$ cat protein_12.pdb   # PDB, C-alpha atoms
ATOM      1  CA  MET A   1     -11.331  10.298  -8.459
ATOM      2  CA  GLN A   2     -10.061   8.173  -5.583
ATOM      3  CA  SER A   3     -10.437   9.015  -1.913
ATOM      4  CA  GLY A   4      -9.341   7.256   1.254
ATOM      5  CA  GLY A   5      -7.231   4.170   1.769
ATOM      6  CA  GLY A   6      -3.703   3.490   0.645
ATOM      7  CA  GLY A   7      -0.437   4.612   2.129
ATOM      8  CA  TRP A   8      -0.826   2.949   5.518
ATOM      9  CA  GLY A   9       1.485  -0.006   4.817
ATOM     10  CA  PRO A  10       4.476   1.937   3.472
ATOM     11  CA  ILE A  11       4.296   4.475   6.277
ATOM     12  CA  VAL A  12       4.069   1.839   9.012
ATOM     13  CA  SER A  13       6.749  -0.390   7.467
ATOM     14  CA  SER A  14       9.196   2.432   6.869
ATOM     15  CA  THR A  15       8.689   3.836  10.368
ATOM     16  CA  LEU A  16       9.277   0.452  11.987
ATOM     17  CA  VAL A  17      12.409  -0.158   9.917
ATOM     18  CA  TYR A  18      13.696   3.351  10.651
ATOM     19  CA  ARG A  19      13.380   2.706  14.373
ATOM     20  CA  GLY A  20      15.985  -0.030  14.038
ATOM     21  CA  ASN A  21      13.863  -3.152  13.710
ATOM     22  CA  GLU A  22      14.686  -5.903  11.244
ATOM     23  CA  PRO A  23      13.324  -4.916   7.805
ATOM     24  CA  HIS A  24      12.003  -8.350   6.850
ATOM     25  CA  ARG A  25      10.210  -8.780  10.172
ATOM     26  CA  MET A  26       8.596  -5.354  10.021
ATOM     27  CA  LEU A  27       7.561  -5.814   6.391
ATOM     28  CA  GLY A  28       5.963  -9.129   7.294
ATOM     29  CA  THR A  29       4.182  -7.637  10.298
ATOM     30  CA  SER A  30       2.825  -4.755   8.246
ATOM     31  CA  ALA A  31       1.773  -7.055   5.405
ATOM     32  CA  ALA A  32      -0.019  -9.391   7.807
ATOM     33  CA  ALA A  33      -1.902  -6.490   9.408
ATOM     34  CA  GLU A  34      -2.844  -5.150   5.964
ATOM     35  CA  PHE A  35      -4.145  -8.592   4.997
ATOM     36  CA  PHE A  36      -6.556  -8.722   7.928
ATOM     37  CA  VAL A  37      -7.684  -5.128   7.381
ATOM     38  CA  THR A  38      -8.256  -5.868   3.679
ATOM     39  CA  VAL A  39     -10.272  -9.010   4.416
ATOM     40  CA  THR A  40     -12.441  -7.087   6.871
ATOM     41  CA  ILE A  41     -13.017  -4.231   4.427
ATOM     42  CA  THR A  42     -13.777  -6.639   1.580
ATOM     43  CA  VAL A  43     -16.357  -8.520   3.625
ATOM     44  CA  THR A  44     -17.930  -5.219   4.684
ATOM     45  CA  PHE A  45     -18.148  -3.909   1.117
ATOM     46  CA  ALA A  46     -19.424  -7.233  -0.217
ATOM     47  CA  GLY A  47     -22.141  -7.218   2.426
ATOM     48  CA  SER A  48     -23.071  -3.625   1.685
ATOM     49  CA  PHE A  49     -22.883  -3.504  -2.105
ATOM     50  CA  GLY A  50     -22.974  -7.135  -3.232
ATOM     51  CA  LEU A  51     -20.342  -9.273  -4.924
ATOM     52  CA  GLU A  52     -21.230  -8.009  -8.407
ATOM     53  CA  SER A  53     -19.590  -4.639  -7.660
ATOM     54  CA  PHE A  54     -16.133  -6.154  -7.370
ATOM     55  CA  GLY A  55     -15.829  -8.004 -10.667
ATOM     56  CA  MET A  56     -12.601  -7.642 -12.620
ATOM     57  CA  ALA A  57     -11.240  -4.875 -10.362
ATOM     58  CA  ALA A  58     -10.833  -7.311  -7.474
ATOM     59  CA  LEU A  59      -9.178  -9.858  -9.734
ATOM     60  CA  ALA A  60      -6.736  -7.236 -11.010
ATOM     61  CA  LEU A  61      -5.810  -6.259  -7.448
ATOM     62  CA  VAL A  62      -5.142  -9.870  -6.509
ATOM     63  CA  ILE A  63      -3.050 -10.499  -9.622
ATOM     64  CA  GLY A  64      -1.009  -7.365  -8.945
ATOM     65  CA  GLY A  65      -0.620  -8.021  -5.225
ATOM     66  CA  VAL A  66       0.614 -11.609  -5.454
ATOM     67  CA  PRO A  67       4.015 -10.791  -7.002
ATOM     68  CA  ALA A  68       4.366  -7.521  -5.054
ATOM     69  CA  ALA A  69       4.849  -9.055  -1.592
ATOM     70  CA  PRO A  70       7.774 -11.390  -2.425
ATOM     71  CA  LEU A  71       9.385  -8.666  -4.543
ATOM     72  CA  ALA A  72       9.181  -6.229  -1.621
ATOM     73  CA  ALA A  73      10.712  -8.816   0.720
ATOM     74  CA  VAL A  74      13.667  -9.347  -1.632
ATOM     75  CA  LEU A  75      14.218  -5.620  -2.140
ATOM     76  CA  VAL A  76      14.194  -4.976   1.617
ATOM     77  CA  LYS A  77      16.960  -7.556   2.064
ATOM     78  CA  ILE A  78      19.086  -6.137  -0.768
ATOM     79  CA  ILE A  79      18.764  -2.351  -0.396
ATOM     80  CA  PRO A  80      20.569  -0.738   2.571
ATOM     81  CA  ARG A  81      18.349   0.908   5.186
ATOM     82  CA  LYS A  82      19.038   4.621   4.577
ATOM     83  CA  PRO A  83      18.604   4.583   0.764
ATOM     84  CA  LEU A  84      15.479   2.469   1.248
ATOM     85  CA  MET A  85      14.014   5.005   3.671
ATOM     86  CA  ILE A  86      14.830   7.868   1.301
ATOM     87  CA  ALA A  87      13.204   6.025  -1.613
ATOM     88  CA  VAL A  88      10.076   5.268   0.426
ATOM     89  CA  GLY A  89       9.834   8.898   1.528
ATOM     90  CA  ILE A  90      10.207  10.164  -2.031
ATOM     91  CA  LEU A  91       7.576   7.688  -3.237
ATOM     92  CA  ILE A  92       5.078   8.693  -0.551
ATOM     93  CA  VAL A  93       5.594  12.422  -1.160
ATOM     94  CA  GLY A  94       5.441  11.926  -4.941
ATOM     95  CA  LEU A  95       2.196   9.958  -4.762
ATOM     96  CA  GLY A  96       0.732  12.563  -2.421
ATOM     97  CA  LEU A  97       1.642  15.362  -4.826
ATOM     98  CA  LEU A  98       0.163  13.392  -7.712
ATOM     99  CA  GLY A  99      -3.076  12.976  -5.768
ATOM    100  CA  ILE A 100      -3.200  16.694  -5.001
ATOM    101  CA  TYR A 101      -2.520  17.515  -8.674
ATOM    102  CA  ARG A 102      -5.307  15.199  -9.846
ATOM    103  CA  PHE A 103      -7.715  16.626  -7.287
ATOM    104  CA  VAL A 104      -6.993  20.216  -8.281
ATOM    105  CA  PHE A 105      -7.172  19.318 -11.994
ATOM    106  CA  ALA A 106     -10.542  17.625 -11.416
ATOM    107  CA  LEU A 107     -11.856  20.748  -9.671
ATOM    108  CA  LEU A 108     -10.740  23.010 -12.501
ATOM    109  CA  ALA A 109     -12.074  20.785 -15.284
TER     110      ALA A 109
END
$ encode --input "protein_12.pdb" --output "structure tokens"
Amino acid sequence: MQSGGGGWGPIVSSTLVYRGNEPHRMLGTSAAAEFFVTVTITVTFAGSFGLESFGMAALALVIGGVPAAPLAAVLVKIIPRKPLMIAVGILIVGLGLLGIYRFVFALLA
């Protein structure tokens, strides 16, 4: 089961875009902030638990994250603002409901 983290970037990015800012600038700002937060958290965990704990999971996250940022930048330029905001909202709510479902299922199992 997973707890904590995740969701901060999409919420911040979508809120900044909704307030009328340029989508590519807000996406870049959010991504840059997430980068520094991630580096800080990684250094903290590495110091606490050791580098052996990361292994292939860290590599998988890097491999998945590298193509995600440019893809997101292209999609933000192509998709109009309102449909993009609706899609982001649906995604956030859907992932939240999935997390609740998994949590409840784990309690019942």
$ atom_distance --input "protein_12.pdb" --atom1 "atom CA of A:Ile79" --atom2 "atom CA of A:Gly99"
27.2 Å
$ atom_distance --input "protein_12.pdb" --atom1 "atom CA of A:Val76" --atom2 "atom CA of A:Thr15"
13.6 Å
$ resolve_selection --input "protein_12.pdb" --expression "the PyMOL selection byres ((chain A and resi 18-25) around 12)" --output "PyMOL selection string"
chain A and resi 10-17+26-32+69-86+88-89
$ write_last_selection --input "protein_12.pdb" --atoms "C-alpha atoms" --output "PDB file, in the frame of the given file"
ATOM      1  CA  PRO A  10       4.476   1.937   3.472  1.00  0.00           C
ATOM      2  CA  ILE A  11       4.296   4.475   6.277  1.00  0.00           C
ATOM      3  CA  VAL A  12       4.069   1.839   9.012  1.00  0.00           C
ATOM      4  CA  SER A  13       6.749  -0.390   7.467  1.00  0.00           C
ATOM      5  CA  SER A  14       9.196   2.432   6.869  1.00  0.00           C
ATOM      6  CA  THR A  15       8.689   3.836  10.368  1.00  0.00           C
ATOM      7  CA  LEU A  16       9.277   0.452  11.987  1.00  0.00           C
ATOM      8  CA  VAL A  17      12.409  -0.158   9.917  1.00  0.00           C
ATOM      9  CA  MET A  26       8.596  -5.354  10.021  1.00  0.00           C
ATOM     10  CA  LEU A  27       7.561  -5.814   6.391  1.00  0.00           C
ATOM     11  CA  GLY A  28       5.963  -9.129   7.294  1.00  0.00           C
ATOM     12  CA  THR A  29       4.182  -7.637  10.298  1.00  0.00           C
ATOM     13  CA  SER A  30       2.825  -4.755   8.246  1.00  0.00           C
ATOM     14  CA  ALA A  31       1.773  -7.055   5.405  1.00  0.00           C
ATOM     15  CA  ALA A  32      -0.019  -9.391   7.807  1.00  0.00           C
ATOM     16  CA  ALA A  69       4.849  -9.055  -1.592  1.00  0.00           C
ATOM     17  CA  PRO A  70       7.774 -11.390  -2.425  1.00  0.00           C
ATOM     18  CA  LEU A  71       9.385  -8.666  -4.543  1.00  0.00           C
ATOM     19  CA  ALA A  72       9.181  -6.229  -1.621  1.00  0.00           C
ATOM     20  CA  ALA A  73      10.712  -8.816   0.720  1.00  0.00           C
ATOM     21  CA  VAL A  74      13.667  -9.347  -1.632  1.00  0.00           C
ATOM     22  CA  LEU A  75      14.218  -5.620  -2.140  1.00  0.00           C
ATOM     23  CA  VAL A  76      14.194  -4.976   1.617  1.00  0.00           C
ATOM     24  CA  LYS A  77      16.960  -7.556   2.064  1.00  0.00           C
ATOM     25  CA  ILE A  78      19.086  -6.137  -0.768  1.00  0.00           C
ATOM     26  CA  ILE A  79      18.764  -2.351  -0.396  1.00  0.00           C
ATOM     27  CA  PRO A  80      20.569  -0.738   2.571  1.00  0.00           C
ATOM     28  CA  ARG A  81      18.349   0.908   5.186  1.00  0.00           C
ATOM     29  CA  LYS A  82      19.038   4.621   4.577  1.00  0.00           C
ATOM     30  CA  PRO A  83      18.604   4.583   0.764  1.00  0.00           C
ATOM     31  CA  LEU A  84      15.479   2.469   1.248  1.00  0.00           C
ATOM     32  CA  MET A  85      14.014   5.005   3.671  1.00  0.00           C
ATOM     33  CA  ILE A  86      14.830   7.868   1.301  1.00  0.00           C
ATOM     34  CA  VAL A  88      10.076   5.268   0.426  1.00  0.00           C
ATOM     35  CA  GLY A  89       9.834   8.898   1.528  1.00  0.00           C
TER      36      GLY A  89
END
$ atom_distance --input "protein_12.pdb" --atom1 "atom CA of A:Ala87" --atom2 "atom CA of A:Arg102"
22.2 Å
$ build_atoms --input "protein_12.pdb" --residues "stretch 70-101 of chain A" --atoms "N, CA and C atoms" --output "JSON list (two decimals), in the frame of the given file"
[["chain", "number", "residue", "atom", "x", "y", "z"],
["A", 70, "PRO", "N", 6.43, -10.79, -2.40],
["A", 70, "PRO", "CA", 7.77, -11.39, -2.42],
["A", 70, "PRO", "C", 8.83, -10.44, -3.00],
["A", 71, "LEU", "N", 8.45, -9.63, -3.97],
["A", 71, "LEU", "CA", 9.38, -8.67, -4.54],
["A", 71, "LEU", "C", 9.81, -7.66, -3.48],
["A", 72, "ALA", "N", 8.87, -7.18, -2.70],
["A", 72, "ALA", "CA", 9.18, -6.23, -1.62],
["A", 72, "ALA", "C", 10.10, -6.87, -0.59],
["A", 73, "ALA", "N", 9.86, -8.13, -0.25],
["A", 73, "ALA", "CA", 10.71, -8.82, 0.72],
["A", 73, "ALA", "C", 12.15, -8.93, 0.22],
["A", 74, "VAL", "N", 12.32, -9.24, -1.05],
["A", 74, "VAL", "CA", 13.67, -9.35, -1.63],
["A", 74, "VAL", "C", 14.35, -7.98, -1.66],
["A", 75, "LEU", "N", 13.63, -6.96, -2.07],
["A", 75, "LEU", "CA", 14.22, -5.62, -2.14],
["A", 75, "LEU", "C", 14.64, -5.11, -0.76],
["A", 76, "VAL", "N", 13.86, -5.42, 0.27],
["A", 76, "VAL", "CA", 14.19, -4.98, 1.62],
["A", 76, "VAL", "C", 15.48, -5.65, 2.10],
["A", 77, "LYS", "N", 15.72, -6.87, 1.69],
["A", 77, "LYS", "CA", 16.96, -7.56, 2.06],
["A", 77, "LYS", "C", 18.17, -7.00, 1.32],
["A", 78, "ILE", "N", 17.97, -6.56, 0.09],
["A", 78, "ILE", "CA", 19.09, -6.14, -0.77],
["A", 78, "ILE", "C", 19.47, -4.68, -0.54],
["A", 79, "ILE", "N", 18.50, -3.79, -0.46],
["A", 79, "ILE", "CA", 18.76, -2.35, -0.40],
["A", 79, "ILE", "C", 19.12, -1.96, 1.04],
["A", 80, "PRO", "N", 20.21, -1.22, 1.23],
["A", 80, "PRO", "CA", 20.57, -0.74, 2.57],
["A", 80, "PRO", "C", 19.47, 0.16, 3.16],
["A", 81, "ARG", "N", 19.44, 0.24, 4.48],
["A", 81, "ARG", "CA", 18.35, 0.91, 5.19],
["A", 81, "ARG", "C", 18.16, 2.37, 4.78],
["A", 82, "LYS", "N", 19.20, 3.18, 4.83],
["A", 82, "LYS", "CA", 19.04, 4.62, 4.58],
["A", 82, "LYS", "C", 18.53, 4.92, 3.16],
["A", 83, "PRO", "N", 19.15, 4.34, 2.10],
["A", 83, "PRO", "CA", 18.60, 4.58, 0.76],
["A", 83, "PRO", "C", 17.16, 4.08, 0.61],
["A", 84, "LEU", "N", 16.84, 3.00, 1.30],
["A", 84, "LEU", "CA", 15.48, 2.47, 1.25],
["A", 84, "LEU", "C", 14.51, 3.46, 1.88],
["A", 85, "MET", "N", 14.88, 4.04, 3.01],
["A", 85, "MET", "CA", 14.01, 5.00, 3.67],
["A", 85, "MET", "C", 13.85, 6.27, 2.82],
["A", 86, "ILE", "N", 14.91, 6.70, 2.18],
["A", 86, "ILE", "CA", 14.83, 7.87, 1.30],
["A", 86, "ILE", "C", 13.90, 7.58, 0.12],
["A", 87, "ALA", "N", 14.05, 6.40, -0.47],
["A", 87, "ALA", "CA", 13.20, 6.02, -1.61],
["A", 87, "ALA", "C", 11.74, 5.94, -1.21],
["A", 88, "VAL", "N", 11.46, 5.37, -0.05],
["A", 88, "VAL", "CA", 10.08, 5.27, 0.43],
["A", 88, "VAL", "C", 9.50, 6.66, 0.67],
["A", 89, "GLY", "N", 10.29, 7.53, 1.28],
["A", 89, "GLY", "CA", 9.83, 8.90, 1.53],
["A", 89, "GLY", "C", 9.53, 9.64, 0.24],
["A", 90, "ILE", "N", 10.42, 9.51, -0.74],
["A", 90, "ILE", "CA", 10.21, 10.16, -2.03],
["A", 90, "ILE", "C", 8.95, 9.62, -2.71],
["A", 91, "LEU", "N", 8.76, 8.31, -2.63],
["A", 91, "LEU", "CA", 7.58, 7.69, -3.24],
["A", 91, "LEU", "C", 6.29, 8.19, -2.58],
["A", 92, "ILE", "N", 6.28, 8.25, -1.26],
["A", 92, "ILE", "CA", 5.08, 8.69, -0.55],
["A", 92, "ILE", "C", 4.78, 10.15, -0.88],
["A", 93, "VAL", "N", 5.80, 11.01, -0.84],
["A", 93, "VAL", "CA", 5.59, 12.42, -1.16],
["A", 93, "VAL", "C", 5.15, 12.58, -2.62],
["A", 94, "GLY", "N", 5.80, 11.84, -3.53],
["A", 94, "GLY", "CA", 5.44, 11.93, -4.94],
["A", 94, "GLY", "C", 4.01, 11.51, -5.21],
["A", 95, "LEU", "N", 3.58, 10.41, -4.58],
["A", 95, "LEU", "CA", 2.20, 9.96, -4.76],
["A", 95, "LEU", "C", 1.21, 10.95, -4.15],
["A", 96, "GLY", "N", 1.58, 11.54, -3.03],
["A", 96, "GLY", "CA", 0.73, 12.56, -2.42],
["A", 96, "GLY", "C", 0.58, 13.77, -3.33],
["A", 97, "LEU", "N", 1.69, 14.22, -3.91],
["A", 97, "LEU", "CA", 1.64, 15.36, -4.83],
["A", 97, "LEU", "C", 0.82, 15.03, -6.07],
["A", 98, "LEU", "N", 0.96, 13.81, -6.56],
["A", 98, "LEU", "CA", 0.16, 13.39, -7.71],
["A", 98, "LEU", "C", -1.32, 13.41, -7.38],
["A", 99, "GLY", "N", -1.68, 12.94, -6.19],
["A", 99, "GLY", "CA", -3.08, 12.98, -5.77],
["A", 99, "GLY", "C", -3.61, 14.39, -5.65],
["A", 100, "ILE", "N", -2.80, 15.28, -5.10],
["A", 100, "ILE", "CA", -3.20, 16.69, -5.00],
["A", 100, "ILE", "C", -3.38, 17.29, -6.39],
["A", 101, "TYR", "N", -2.44, 17.01, -7.30],
["A", 101, "TYR", "CA", -2.52, 17.52, -8.67],
["A", 101, "TYR", "C", -3.80, 17.03, -9.35]]
